[in-house]
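Colleague: Dropping the structure in here first, questions after.
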Amino acid sequence: MVTGASRGIGRAIAIALAEAGADVAINYRSGEEKAEEVARYIDDLGVDVWVYPADVSDMEQARQMREQISKYFGRVDILVNNAGINIDKFFTKMDEESWNKVISVNLNGVFNCTSVFIDDLIESGHGRIINITSIVGQMGNIGQVNYAASKAGVIGMTKALAKELARNNVTVNAIAPGFIETDMVAGIPEKVKEKIIAQIPLRRFGKPEEVARAVLYLASDHADYITGHVLNVNGGMYI
Ligand SMILES: NC(=O)c1ccc[n+]([C@@H]2O[C@H](COP(=O)([O-])OP(=O)(O)OC[C@H]3O[C@@H](n4cnc5c(N)ncnc54)[C@H](OP(=O)(O)O)[C@@H]3O)[C@@H](O)[C@H]2O)c1
């Protein structure tokens with residue numbers, strides 16, 4: 001189950017998991033056409049695919065998503081909490097709505113989806129939760145107080161839940177991407193991009209597929225003994 005898989009990193013994760021042979025349920029909020037395109041691509045790979053629109057920040061929608069998936073698709077063994085948004089502004093301009101919205105999707109969304117799939121993951125006997133956090137949750141960033149708080153929250157949640165779920169052989173890890181070429185960073189002006197790239201030892205933004213490969217690793221048997229870890233995929237920007 002990959003949330004926010006209609007485009008960007010989520011899309012790449014869903015495709016990578018499908019290419020590795022997993023049946024994939026994909027979620028999106030509003031981009032139906034794009035989500036259907038991802039589903040057609042995955043369908044052509046010969047695995048089962050299920051598409052479901054739901055706002056992860058709404059617990060009731062998350063519950064309905066789980067109900068439909070379990071009725072028509074089956075048990076979820078791997079949950080990738082990827083859906084996320086940013087509403088950037090300086091703290092002096094940060095209104096309650098921008099704060100609450102980002103926390104609702106990025107942090108409450110992880111809580112909601114994890115809550116509704118937790119029984120599946122425990123029943124699986126080898127469940128995997130992979131949360132997509134951000135370098136910004138580790139090092140902060142100007143204009144992103146709300147986003148940084150939400151992503152740091154996801155890291156705390158990942159570590160606490162890893163300890164709780166170890167007895168059920170469910171591993172809980174996070175991936176902290178740096179700057180990845182998706183719609184989320186497309187709006188950054190060229191001059192600012194150049195300044196950011198100057199701070200990245202590998203001197204480029206990452207690709208969604210590079211984050212997806214890290215997810216694939218954490219989802220695989222190769223990562224059986226890894227839990228509570230935050231895996232950086234950031235070109236060395238934060239070490
Ligand atoms: N790109 C980066 O540089 C970067 C760096 C670090 C971390 N991240 C994190 O990586 C994740 C993916 O980012 P991205 O760059 O791929 O973003 P993106 O291109 O903007 O795509 C966001 C995805 O999340 C979905 N989504 C947004 N709000 C949702 C909601 N309330 N419920 C369900 N789905 C929702 C979108 O669906 P619709 O289009 O249908 O609304 C879309 O599929 C996010 O958690 C982001 O914070 C990104």
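Simple scheme: letters A, B, ... for chains in structure tokens order, numbers from 1 for residues in each chain, numbers from 1 for ligands in the order shown.
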Kindly provide, as an MDAnalysis selection string, all nucleotide and amino acid residues lying within 7 Å of ligand 1, counting only C-alpha atoms and all ligand atoms.
Modeller: chainID A and resid 3:10 27:32 54:57 82:86 105:106 132:135 176:185
Colleague: Would you return as a tab-separated table (two decimals) with C-alpha atoms, in the first residue's frame the members of range 29-91 of chain A that DSSP assigns to strand (DSSP E) on this structure's backbone?
Modeller:
chain	number	residue	atom	x	y	z
A	49	VAL	CA	-3.11	-3.18	-8.77
A	50	TRP	CA	-5.86	-1.35	-6.89
A	51	VAL	CA	-6.41	2.40	-6.93
A	52	TYR	CA	-8.23	4.26	-4.19
A	53	PRO	CA	-8.81	8.01	-3.72
A	78	ILE	CA	3.93	-3.36	3.35
A	79	LEU	CA	2.69	0.14	4.12
A	80	VAL	CA	4.53	3.09	2.62
A	81	ASN	CA	3.34	6.36	4.16
Colleague: Kindly assemble as a tab-separated table a list of the range 50-147 of chain A residues that lie within 12 Å of range 156-169 of chain A, each paired with its nearest atom pair and their distance in Å to one decimal, using only C-alpha atoms, sorted first by chain and then by ascending residue number.
Modeller:
residue	atom	partner	partner_atom	distance
A:Asp77	CA	A:Asn169	CA	11.5
A:Asn81	CA	A:Thr158	CA	10.9
A:Asn106	CA	A:Met157	CA	11.9
A:Leu107	CA	A:Met157	CA	9.0
A:Asn108	CA	A:Met157	CA	10.7
A:Val110	CA	A:Met157	CA	9.0
A:Phe111	CA	A:Met157	CA	8.6
A:Thr114	CA	A:Leu161	CA	10.0
A:Ser115	CA	A:Leu161	CA	11.2
A:Ile118	CA	A:Leu165	CA	9.6
A:Asp119	CA	A:Asn168	CA	10.5
A:Asp120	CA	A:Asn168	CA	11.3
A:Leu121	CA	A:Asn168	CA	8.7
A:Ile122	CA	A:Asn168	CA	5.8
A:Glu123	CA	A:Asn168	CA	8.4
A:Ser124	CA	A:Asn169	CA	8.9
A:Gly125	CA	A:Asn169	CA	6.0
A:His126	CA	A:Asn169	CA	5.4
A:Gly127	CA	A:Asn169	CA	6.7
A:Arg128	CA	A:Asn169	CA	8.7
A:Ile129	CA	A:Thr158	CA	8.6
A:Ile130	CA	A:Thr158	CA	8.4
A:Asn131	CA	A:Thr158	CA	7.3
A:Ile132	CA	A:Thr158	CA	10.1
A:Thr133	CA	A:Thr158	CA	9.6
A:Gly137	CA	A:Gly156	CA	10.2
A:Gln138	CA	A:Gly156	CA	10.9
Colleague: Could you tell me which of A:Phe91, A:Tyr225, A:Phe205, A:Phe117 comes closest to Met59 in chain A if we count only C-alpha atoms?
Modeller: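 Ranked by minimum distance to Met59 in chain A, first place goes to A:Phe117.
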Colleague: Fewer than 3 positions away in the same chain doesn't count, so skip those; otherwise give me all residues within 12 Å of Ala20 in chain A, counting only C-alpha atoms, as JSON, numbers by chain.
Modeller: {"A": [13, 14, 15, 16, 17, 23, 24, 42, 45, 46, 47, 212, 213, 215, 216, 217, 219, 220]}
Colleague: From the list A:Met65, A:Val192, A:Ala22, A:Ile103, which residue is nearest Gly153 in chain A when using only C-alpha atoms?
Modeller: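 Checking each of A:Met65, A:Val192, A:Ala22, A:Ile103 against Gly153 in chain A, counting only C-alpha atoms, the winner is A:Ile103.
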Colleague: Which residues, written as a PyMOL selection string, have at least one atom at most 9 Å from Ile226 in chain A, with only C-alpha atoms counted and residues fewer than 6 positions away on the same chain left out?
Modeller: chain A and resi 171-173+218
Colleague: In Å, with one decimal, what is the gap from CA of Arg203 in chain A to CA of Lys191 in chain A?
Modeller: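 Going from CA of Arg203 in chain A over to CA of Lys191 in chain A covers 14.6 Å.
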Colleague: Hey, which of A:Gly21, A:Gly187, A:Gly228, A:Gly236 ends up closest to Ile200 in chain A? Count only C-alpha atoms.
Modeller: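 That would be A:Gly236, the residue with the smallest distance to Ile200 in chain A.
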Colleague: Hey, what does DSSP flag as alpha helix (DSSP H) within range 8-217 of chain A? Can you give it to me as a ChimeraX atom specification?
Modeller: /A:8-19,32-44,59-72,96-103,109-124,135-139,145-165,183-186,190-198,208-217
Colleague: For CA of Phe90 in chain A and CA of Ile142 in chain A, determine how far apart the two atoms are, in Å to one decimal place.
Modeller: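 So the two atoms, CA of Phe90 in chain A and CA of Ile142 in chain A, lie 7.0 Å apart.
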